[in-house]
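K.L.:
Contents of entry_23.tsv (TSV, C-alpha atoms) are given next:
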```
chain	number	residue	atom	x	y	z
A	1	MET	CA	-10.00	3.13	11.04
A	2	SER	CA	-9.29	0.82	13.95
A	3	LEU	CA	-8.61	-2.82	13.18
A	4	PRO	CA	-10.16	-5.58	15.28
A	5	ALA	CA	-7.42	-7.27	17.32
A	6	GLY	CA	-8.12	-10.65	15.69
A	7	LEU	CA	-7.72	-9.19	12.21
A	8	ARG	CA	-4.46	-7.48	13.18
A	9	ALA	CA	-3.12	-10.79	14.54
A	10	ALA	CA	-4.17	-12.63	11.36
A	11	ILE	CA	-2.43	-10.03	9.16
A	12	ASP	CA	0.75	-10.32	11.23
A	13	LYS	CA	0.72	-14.11	10.82
A	14	MET	CA	0.80	-13.81	7.04
A	15	TRP	CA	4.27	-12.26	7.03
A	16	PRO	CA	7.32	-14.55	6.86
A	17	SER	CA	6.94	-17.22	9.50
A	18	GLU	CA	6.09	-20.91	9.37
A	19	ALA	CA	3.99	-21.94	6.35
A	20	SER	CA	1.33	-23.33	8.71
A	21	GLU	CA	1.06	-19.90	10.36
A	22	ARG	CA	0.73	-18.09	7.04
A	23	GLU	CA	-2.00	-20.53	6.05
A	24	ALA	CA	-3.75	-20.04	9.39
A	25	GLY	CA	-3.52	-16.27	8.92
A	26	ALA	CA	-5.17	-16.45	5.50
A	27	ASN	CA	-7.87	-18.78	6.83
A	28	ALA	CA	-8.51	-16.38	9.71
A	29	ILE	CA	-8.98	-13.54	7.23
A	30	ARG	CA	-11.57	-15.61	5.37
A	31	SER	CA	-13.39	-16.35	8.61
A	32	ALA	CA	-13.37	-12.65	9.46
A	33	ALA	CA	-14.87	-11.88	6.03
A	34	VAL	CA	-17.59	-14.47	6.68
A	35	ASP	CA	-18.32	-12.58	9.91
A	36	MET	CA	-18.74	-9.40	7.82
A	37	VAL	CA	-15.50	-7.83	9.08
A	38	ASP	CA	-13.95	-5.42	6.55
A	39	THR	CA	-10.78	-7.25	5.48
A	40	ARG	CA	-9.49	-4.56	3.10
A	41	SER	CA	-6.41	-3.95	5.25
A	42	ALA	CA	-5.39	-7.59	4.75
A	43	LEU	CA	-5.29	-7.26	0.94
A	44	PRO	CA	-1.54	-6.47	0.60
A	45	ALA	CA	-0.55	-9.51	2.67
A	46	LEU	CA	-3.09	-11.79	0.94
A	47	THR	CA	-1.85	-10.60	-2.48
A	48	LEU	CA	1.73	-11.44	-1.56
A	49	LEU	CA	0.68	-14.90	-0.38
A	50	LEU	CA	-0.62	-15.66	-3.88
A	51	SER	CA	3.00	-16.16	-4.94
A	52	ASP	CA	3.92	-18.22	-1.86
A	53	GLN	CA	6.05	-21.28	-2.54
A	54	VAL	CA	3.74	-23.54	-0.52
A	55	PRO	CA	0.59	-24.55	-2.48
A	56	SER	CA	-1.62	-24.84	0.62
A	57	VAL	CA	-0.75	-21.24	1.58
A	58	ARG	CA	-1.58	-20.02	-1.93
A	59	HIS	CA	-4.85	-21.95	-1.76
A	60	ALA	CA	-5.81	-20.42	1.59
A	61	ALA	CA	-5.05	-16.89	0.33
A	62	LEU	CA	-7.01	-17.58	-2.83
A	63	ARG	CA	-10.06	-18.79	-0.89
A	64	ALA	CA	-10.00	-15.64	1.24
A	65	LEU	CA	-9.75	-13.41	-1.83
A	66	GLU	CA	-12.40	-15.32	-3.78
A	67	TYR	CA	-14.81	-15.00	-0.85
A	68	ARG	CA	-14.16	-11.27	-0.61
A	69	ALA	CA	-14.64	-10.86	-4.37
A	70	ASP	CA	-17.83	-12.96	-4.31
A	71	MET	CA	-19.25	-10.62	-1.67
A	72	GLY	CA	-18.79	-7.73	-4.11
A	73	ALA	CA	-15.84	-6.16	-2.29
A	74	ASP	CA	-12.87	-4.69	-4.15
A	75	VAL	CA	-10.02	-7.12	-4.89
A	76	GLY	CA	-8.44	-4.99	-7.63
A	77	MET	CA	-5.16	-4.93	-5.72
A	78	ALA	CA	-4.83	-8.69	-6.21
A	79	VAL	CA	-5.73	-8.76	-9.91
A	80	PRO	CA	-2.17	-8.71	-11.39
A	81	ALA	CA	-1.16	-11.52	-9.00
A	82	LEU	CA	-4.35	-13.45	-9.84
A	83	LEU	CA	-3.64	-13.14	-13.57
A	84	LEU	CA	-0.24	-14.73	-12.97
A	85	MET	CA	-2.02	-17.67	-11.31
A	86	GLN	CA	-4.14	-18.60	-14.32
A	87	GLU	CA	-1.70	-21.37	-15.20
A	88	GLU	CA	-1.81	-23.02	-11.75
A	89	PRO	CA	-1.51	-26.81	-12.12
A	90	ASP	CA	-4.24	-27.46	-9.53
A	91	SER	CA	-7.71	-27.30	-11.11
A	92	GLU	CA	-9.44	-26.22	-7.87
A	93	MET	CA	-7.06	-23.26	-7.60
A	94	ARG	CA	-7.66	-22.34	-11.25
A	95	ARG	CA	-11.42	-22.41	-10.56
A	96	LEU	CA	-10.99	-20.02	-7.62
A	97	VAL	CA	-8.72	-17.74	-9.66
A	98	HIS	CA	-11.28	-17.46	-12.46
A	99	ALA	CA	-14.15	-16.94	-10.03
A	100	ALA	CA	-12.26	-14.10	-8.29
A	101	LEU	CA	-11.24	-12.54	-11.62
A	102	ARG	CA	-14.82	-12.68	-12.94
A	103	CYS	CA	-16.07	-10.80	-9.86
A	104	ALA	CA	-13.21	-8.28	-10.14
A	105	ASP	CA	-13.98	-7.78	-13.83
A	106	GLN	CA	-17.60	-6.97	-13.06
A	107	ARG	CA	-16.44	-4.34	-10.60
A	108	LEU	CA	-13.92	-2.96	-13.11
A	109	ARG	CA	-16.64	-2.88	-15.79
A	110	GLY	CA	-15.07	-5.34	-18.20
A	111	LEU	CA	-11.60	-3.81	-18.07
A	112	LEU	CA	-9.95	-7.22	-17.80
A	113	ARG	CA	-11.68	-8.47	-21.00
A	114	LEU	CA	-12.03	-12.01	-19.68
B	1	MET	CA	25.95	49.19	-21.62
B	2	GLU	CA	28.17	49.80	-18.63
B	3	TYR	CA	25.16	49.22	-16.37
B	4	LEU	CA	24.37	45.94	-18.12
B	5	SER	CA	27.89	44.62	-17.79
B	6	THR	CA	27.94	45.55	-14.08
B	7	ARG	CA	24.60	43.75	-13.53
B	8	ARG	CA	25.85	40.68	-15.34
B	9	ALA	CA	28.95	40.62	-13.18
B	10	GLU	CA	26.81	40.94	-10.05
B	11	MET	CA	24.50	38.15	-11.12
B	12	ALA	CA	27.36	35.88	-12.09
B	13	ALA	CA	29.22	36.38	-8.82
B	14	PRO	CA	28.01	33.91	-6.14
B	15	LYS	CA	27.01	35.46	-2.83
B	16	TYR	CA	27.90	33.57	0.32
B	17	GLU	CA	27.14	36.25	2.90
B	18	THR	CA	23.35	35.84	2.92
B	19	ALA	CA	23.04	33.03	5.47
B	20	ALA	CA	22.07	35.31	8.36
B	21	ARG	CA	19.43	37.14	6.34
B	22	ALA	CA	15.90	35.99	7.01
B	23	PRO	CA	13.80	35.39	3.88
B	24	SER	CA	11.41	38.22	3.22
B	25	ARG	CA	7.69	37.57	2.99
B	26	GLY	CA	6.70	36.14	-0.37
B	27	SER	CA	10.22	35.19	-1.38
B	28	SER	CA	10.77	31.70	-2.73
B	29	VAL	CA	12.72	29.56	-0.30
B	30	GLU	CA	14.51	26.61	-1.78
B	31	PRO	CA	13.97	23.28	-0.02
B	32	ALA	CA	16.77	22.05	2.19
B	33	PRO	CA	19.13	19.73	0.30
B	34	ILE	CA	19.12	16.07	1.29
B	35	PRO	CA	22.35	15.24	3.11
B	36	ALA	CA	24.48	12.59	1.49
B	37	SER	CA	25.41	10.89	4.76
B	38	PRO	CA	22.89	9.14	7.03
B	39	PRO	CA	21.46	11.19	9.91
B	40	SER	CA	23.33	11.00	13.18
B	41	SER	CA	20.37	10.24	15.46
B	42	PRO	CA	19.00	6.75	14.73
B	43	ILE	CA	15.30	5.92	14.87
B	44	ASP	CA	13.82	3.46	17.34
B	45	ALA	CA	12.57	0.91	14.80
B	46	GLN	CA	10.72	-1.21	17.36
B	47	ALA	CA	8.81	1.75	18.78
B	48	LEU	CA	8.02	3.00	15.28
B	49	ASN	CA	6.81	-0.47	14.28
B	50	LYS	CA	4.40	-0.41	17.18
B	51	ARG	CA	3.14	3.03	16.19
B	52	LEU	CA	2.73	2.04	12.53
B	53	ARG	CA	0.49	-0.81	13.70
B	54	ALA	CA	-1.45	1.37	16.11
B	55	SER	CA	-5.21	1.33	15.95
B	56	SER	CA	-5.66	5.09	15.61
B	57	ASP	CA	-5.26	6.84	12.25
B	58	SER	CA	-3.51	9.85	13.76
B	59	GLU	CA	-0.92	7.67	15.49
B	60	GLN	CA	-0.24	5.77	12.25
B	61	LYS	CA	0.01	9.01	10.29
B	62	ALA	CA	2.47	10.47	12.80
B	63	ALA	CA	4.59	7.33	12.55
B	64	PHE	CA	4.60	7.49	8.75
B	65	GLU	CA	5.60	11.18	8.91
B	66	CYS	CA	8.44	10.31	11.25
B	67	LEU	CA	9.60	7.55	8.91
B	68	ARG	CA	9.34	9.85	5.89
B	69	ASP	CA	11.51	12.46	7.61
B	70	TRP	CA	14.05	9.79	8.52
B	71	LEU	CA	14.27	8.56	4.92
B	72	ALA	CA	14.34	12.10	3.50
B	73	SER	CA	17.32	12.88	5.71
B	74	GLY	CA	19.30	10.00	4.21
B	75	GLY	CA	18.28	7.09	6.47
B	76	VAL	CA	17.44	3.60	5.21
B	77	LEU	CA	14.22	1.67	5.78
B	78	PRO	CA	14.76	-0.83	8.63
B	79	ALA	CA	13.74	-4.35	7.54
B	80	VAL	CA	11.56	-4.78	10.61
B	81	LEU	CA	9.29	-1.97	9.39
B	82	VAL	CA	8.72	-3.33	5.87
B	83	PRO	CA	5.64	-5.47	6.73
B	84	ALA	CA	3.95	-2.57	8.55
B	85	VAL	CA	4.64	-0.18	5.66
B	86	VAL	CA	3.36	-2.65	3.03
B	87	ASN	CA	0.29	-3.39	5.16
B	88	GLY	CA	-0.25	0.39	5.16
B	89	LEU	CA	-1.04	0.13	1.43
B	90	GLY	CA	-4.37	-1.42	2.38
B	91	THR	CA	-5.32	1.31	4.86
B	92	PRO	CA	-6.29	4.99	4.63
B	93	GLN	CA	-2.56	5.72	5.09
B	94	ARG	CA	-1.86	4.36	1.60
B	95	ARG	CA	-0.40	7.59	0.26
B	96	TRP	CA	1.98	7.84	3.19
B	97	ALA	CA	3.05	4.23	2.68
B	98	LEU	CA	3.68	4.91	-1.01
B	99	LYS	CA	5.73	8.00	-0.19
B	100	VAL	CA	7.81	6.04	2.32
B	101	LEU	CA	8.40	3.19	-0.17
B	102	ASP	CA	9.36	5.73	-2.85
B	103	LEU	CA	11.92	7.41	-0.59
B	104	ALA	CA	13.18	4.02	0.58
B	105	THR	CA	13.66	2.93	-3.05
B	106	HIS	CA	15.84	6.00	-3.60
B	107	SER	CA	17.96	5.00	-0.61
B	108	GLY	CA	18.57	1.40	-1.74
B	109	PHE	CA	15.40	-0.54	-0.83
B	110	ASP	CA	14.45	-3.17	-3.44
B	111	PRO	CA	10.66	-3.05	-4.05
B	112	THR	CA	10.65	-6.08	-6.41
B	113	PRO	CA	8.95	-8.54	-3.98
B	114	PHE	CA	6.11	-6.07	-3.47
B	115	LEU	CA	5.51	-5.18	-7.13
B	116	PRO	CA	2.39	-7.42	-7.39
B	117	VAL	CA	0.76	-5.25	-4.71
B	118	ILE	CA	2.02	-1.97	-6.19
B	119	ALA	CA	0.80	-3.00	-9.66
B	120	GLY	CA	-2.54	-3.96	-8.12
B	121	LEU	CA	-2.97	-0.46	-6.73
B	122	LEU	CA	-3.52	0.70	-10.32
B	123	LEU	CA	-6.68	-1.43	-10.36
B	124	ASP	CA	-7.79	-0.77	-6.82
B	125	ARG	CA	-10.80	1.48	-6.60
B	126	ASP	CA	-10.42	2.49	-2.94
B	127	ASP	CA	-8.73	5.86	-2.49
B	128	TYR	CA	-9.05	6.36	-6.26
B	129	ASP	CA	-8.03	9.91	-7.11
B	130	ASP	CA	-5.39	11.74	-9.15
B	131	TRP	CA	-2.96	12.18	-6.26
B	132	ALA	CA	-3.18	8.51	-5.28
B	133	ALA	CA	-2.54	7.49	-8.90
B	134	HIS	CA	0.38	9.91	-9.04
B	135	SER	CA	1.91	8.34	-5.90
B	136	VAL	CA	1.69	4.84	-7.41
B	137	LEU	CA	3.23	5.94	-10.72
B	138	ARG	CA	6.04	7.78	-8.93
B	139	LEU	CA	6.93	4.64	-7.01
B	140	LEU	CA	6.87	2.60	-10.23
B	141	LEU	CA	9.14	5.18	-11.88
B	142	SER	CA	11.59	4.94	-8.98
B	143	ALA	CA	11.46	1.13	-9.20
B	144	LEU	CA	12.12	1.23	-12.96
B	145	ARG	CA	15.04	3.63	-12.49
B	146	ARG	CA	16.42	1.24	-9.90
B	147	GLY	CA	16.36	-1.51	-12.52
B	148	CYS	CA	13.28	-3.42	-11.34
B	149	ASP	CA	11.09	-5.27	-13.83
B	150	ILE	CA	7.74	-3.46	-13.79
B	151	SER	CA	6.15	-5.53	-16.58
B	152	LEU	CA	3.48	-6.71	-14.12
B	153	ALA	CA	2.23	-3.13	-13.77
B	154	TRP	CA	2.80	-2.07	-17.39
B	155	PRO	CA	-0.59	-3.19	-18.83
B	156	TRP	CA	-2.44	-1.14	-16.19
B	157	LEU	CA	-0.42	2.05	-16.40
B	158	CYS	CA	-3.00	3.94	-18.42
B	159	VAL	CA	-6.20	2.49	-16.98
B	160	CYS	CA	-5.71	4.26	-13.67
B	161	ARG	CA	-7.22	7.76	-13.88
B	162	PRO	CA	-6.64	7.99	-17.67
B	163	GLU	CA	-8.44	11.33	-17.84
B	164	GLY	CA	-6.74	12.73	-14.75
B	165	ASN	CA	-6.35	16.49	-14.93
B	166	LEU	CA	-3.49	16.74	-12.47
B	167	ALA	CA	-0.40	18.06	-14.32
B	168	GLU	CA	1.96	16.06	-12.07
B	169	LEU	CA	0.04	12.84	-12.82
B	170	CYS	CA	0.34	13.42	-16.57
B	171	GLU	CA	4.05	14.30	-16.35
B	172	THR	CA	4.89	11.27	-14.21
B	173	ARG	CA	2.92	8.93	-16.46
B	174	LEU	CA	4.68	10.28	-19.56
B	175	ALA	CA	8.10	9.95	-17.91
B	176	LEU	CA	7.28	6.39	-16.88
B	177	ILE	CA	6.05	5.51	-20.38
B	178	ARG	CA	9.13	7.05	-22.00
B	179	GLU	CA	11.56	5.21	-19.74
B	180	GLY	CA	9.53	2.00	-19.92
B	181	LEU	CA	9.53	2.04	-23.71
B	182	GLU	CA	13.25	2.78	-23.72
B	183	SER	CA	13.82	-0.23	-21.47
B	184	GLY	CA	12.00	-2.46	-23.96
B	185	LEU	CA	8.47	-2.74	-22.54
B	186	PRO	CA	5.74	-3.20	-25.19
B	187	GLN	CA	3.96	-0.22	-26.71
B	188	ALA	CA	0.51	-1.80	-27.07
B	189	PRO	CA	-0.83	-1.04	-23.56
B	190	VAL	CA	0.12	2.64	-23.71
B	191	LEU	CA	-0.43	3.48	-27.39
B	192	ASP	CA	-4.11	4.51	-27.17
B	193	TRP	CA	-3.46	6.75	-24.18
B	194	LEU	CA	-0.50	8.41	-25.91
B	195	LEU	CA	-2.56	9.07	-29.05
B	196	GLY	CA	-5.29	10.47	-26.83
B	197	GLN	CA	-2.88	13.14	-25.61
B	198	LEU	CA	-2.53	14.54	-29.13
B	199	ARG	CA	-5.77	16.44	-28.85
B	200	LEU	CA	-6.23	20.01	-29.91
B	201	CYS	CA	-6.26	22.62	-27.19
B	202	ASP	CA	-8.42	25.72	-27.44
B	203	PRO	CA	-5.92	28.60	-27.88
B	204	ARG	CA	-8.37	30.98	-26.20
B	205	LYS	CA	-7.79	29.19	-22.90
B	206	PRO	CA	-5.34	30.70	-20.38
B	207	THR	CA	-1.75	30.64	-21.61
B	208	ILE	CA	-0.68	28.27	-18.84
B	209	VAL	CA	-3.29	25.71	-19.93
B	210	VAL	CA	-2.26	25.98	-23.59
B	211	GLY	CA	1.42	25.71	-22.61
B	212	GLN	CA	0.76	22.63	-20.50
B	213	ALA	CA	-1.17	20.99	-23.33
B	214	ALA	CA	1.69	21.75	-25.74
B	215	CYS	CA	4.23	20.21	-23.32
B	216	THR	CA	2.05	17.11	-22.91
B	217	MET	CA	1.70	16.73	-26.68
B	218	PHE	CA	5.46	17.14	-27.14
B	219	SER	CA	6.21	14.47	-24.51
B	220	ALA	CA	3.59	12.14	-26.00
B	221	LEU	CA	5.15	12.59	-29.45
B	222	GLN	CA	8.58	11.78	-28.01
B	223	CYS	CA	7.14	8.56	-26.53
B	224	LEU	CA	5.49	7.66	-29.85
B	225	ALA	CA	8.81	8.25	-31.63
B	226	ILE	CA	10.55	5.88	-29.21
B	227	ALA	CA	7.77	3.30	-29.74
B	228	GLU	CA	8.11	3.61	-33.51
B	229	GLU	CA	11.88	3.28	-33.31
B	230	ARG	CA	11.52	0.16	-31.16
B	231	ALA	CA	8.97	-1.36	-33.52
B	232	SER	CA	11.08	-0.84	-36.66
```
Translate this structure into structure tokens?

P.N.:
Amino acid sequence: MSLPAGLRAAIDKMWPSEASEREAGANAIRSAAVDMVDTRSALPALTLLLSDQVPSVRHAALRALEYRADMGADVGMAVPALLLMQEEPDSEMRRLVHAALRCADQRLRGLLRL
Amino acid sequence: MEYLSTRRAEMAAPKYETAARAPSRGSSVEPAPIPASPPSSPIDAQALNKRLRASSDSEQKAAFECLRDWLASGGVLPAVLVPAVVNGLGTPQRRWALKVLDLATHSGFDPTPFLPVIAGLLLDRDDYDDWAAHSVLRLLLSALRRGCDISLAWPWLCVCRPEGNLAELCETRLALIREGLESGLPQAPVLDWLLGQLRLCDPRKPTIVVGQAACTMFSALQCLAIAEERAS
């Protein structure tokens, strides 16, 4: 499976660097998903960004994951990290977390018992 | 009797003069032991990083094989390769990446920062088969033995291929459950699966199948005993 160069660059950005770069990487993954690019290979990096110290980075990763989940793609890899985010102080982030978990639960046939 | 005592003496005496003898066809050859000291020829981490991020599957696979051999020979995972290996968990090379992380954990790598991803693999439905599940559980077992907190993965231990027929998968899961319970993890997420292992096996089946079922039941009972002891 060959990765588009843009997707590879976005994945690389999400590893330790400046917070603005990690955020840009996550946003680029979301844009790629909007363009119907298969972003499965970005899931490990996106999952790790869910526990980033910077809220805007977490938010960007969450938006990318929620979009992928909403499209019916598998986000099972991010579920344990999403469950840890249910107590996020920001209400918008909590909304995205629950939306992503609901989609994941449908795919996992009610396994999460939400 | 004299023959027996001679045979026993022969079997007890170690033989060191067999190095030059080639193994005959069909004989069991033991795997080469892992050397205690690091290998003398270092790997080119930068070149390997480039190959791990290559666009072709075969190139990536070759790089993972190279890295596996390096780790199996006593090397350590260079920090520069960690992102590429973890990214590999989201590609068709997942099993290779898991094998590399498992070997790296044995040689001192701390997988704790990546446990959310490893735990998530138990819920991922891409590359969902018994061997993939076995690879994930093996890595979790290595992490637990290293002293990592695997509580994030614990609730999902038995939802990944619960009916898997692979003997290695069952053995690894039971070992992980036993050691997890001993380390104080809760019994609730694994109790139903453990009780499910106490099923009757048709004694008319091949002996190996009956024996395997008996071993599984015995291990499950051991786990249940640990759980009961913890609960009381």

K.L.:
As a tab-separated table (two decimals) with C-alpha atoms, keeping the file's coordinate frame, could you give me every residue of chain B near chain A (at most 10 Å apart, counting only C-alpha atoms)?

P.N.:
```
chain	number	residue	atom	x	y	z
B	53	ARG	CA	0.49	-0.81	13.70
B	54	ALA	CA	-1.45	1.37	16.11
B	55	SER	CA	-5.21	1.33	15.95
B	56	SER	CA	-5.66	5.09	15.61
B	57	ASP	CA	-5.26	6.84	12.25
B	58	SER	CA	-3.51	9.85	13.76
B	83	PRO	CA	5.64	-5.47	6.73
B	84	ALA	CA	3.95	-2.57	8.55
B	86	VAL	CA	3.36	-2.65	3.03
B	87	ASN	CA	0.29	-3.39	5.16
B	88	GLY	CA	-0.25	0.39	5.16
B	89	LEU	CA	-1.04	0.13	1.43
B	90	GLY	CA	-4.37	-1.42	2.38
B	91	THR	CA	-5.32	1.31	4.86
B	92	PRO	CA	-6.29	4.99	4.63
B	93	GLN	CA	-2.56	5.72	5.09
B	113	PRO	CA	8.95	-8.54	-3.98
B	114	PHE	CA	6.11	-6.07	-3.47
B	115	LEU	CA	5.51	-5.18	-7.13
B	116	PRO	CA	2.39	-7.42	-7.39
B	117	VAL	CA	0.76	-5.25	-4.71
B	118	ILE	CA	2.02	-1.97	-6.19
B	119	ALA	CA	0.80	-3.00	-9.66
B	120	GLY	CA	-2.54	-3.96	-8.12
B	121	LEU	CA	-2.97	-0.46	-6.73
B	122	LEU	CA	-3.52	0.70	-10.32
B	123	LEU	CA	-6.68	-1.43	-10.36
B	124	ASP	CA	-7.79	-0.77	-6.82
B	125	ARG	CA	-10.80	1.48	-6.60
B	126	ASP	CA	-10.42	2.49	-2.94
B	152	LEU	CA	3.48	-6.71	-14.12
B	153	ALA	CA	2.23	-3.13	-13.77
B	155	PRO	CA	-0.59	-3.19	-18.83
B	156	TRP	CA	-2.44	-1.14	-16.19
B	159	VAL	CA	-6.20	2.49	-16.98
```

K.L.:
Show me, as a PyMOL selection string, the residues that have an atom within 10 Å of A:Met71 when counting all atoms listed in the file, minus same-chain residues fewer than 5 positions from it.

P.N.:
chain A and resi 33-34+36+65-66+103

K.L.:
Please produce a file of the residues just selected, as a PDB file, in the coordinates of the input, where the atoms kept are C-alpha atoms.

P.N.:
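New file selection_19.pdb:
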```pdb
ATOM      1  CA  ALA A  33     -14.870 -11.880   6.030  1.00  0.00           C
ATOM      2  CA  VAL A  34     -17.590 -14.470   6.680  1.00  0.00           C
ATOM      3  CA  MET A  36     -18.740  -9.400   7.820  1.00  0.00           C
ATOM      4  CA  LEU A  65      -9.750 -13.410  -1.830  1.00  0.00           C
ATOM      5  CA  GLU A  66     -12.400 -15.320  -3.780  1.00  0.00           C
ATOM      6  CA  CYS A 103     -16.070 -10.800  -9.860  1.00  0.00           C
TER       7      CYS A 103
END
```

K.L.:
Quick one: of B:Thr216, B:Thr172, B:Thr112, B:Ser135, who's nearest to B:Leu200, counting only C-alpha atoms?

P.N.:
B:Thr216

K.L.:
For the atom pair atom CA of B:Met217 and atom CA of B:Leu194, what is the interatomic distance in Å to one decimal place?

P.N.:
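Between these atoms lies a distance of 8.6 Å.
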
K.L.:
My list of candidates is B:His134, B:Arg95, B:Arg146, B:Arg204. Which is closest to B:Arg161 when distances are computed with all atoms listed in the file?

P.N.:
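For B:Arg161, the nearest of the given residues is B:His134.
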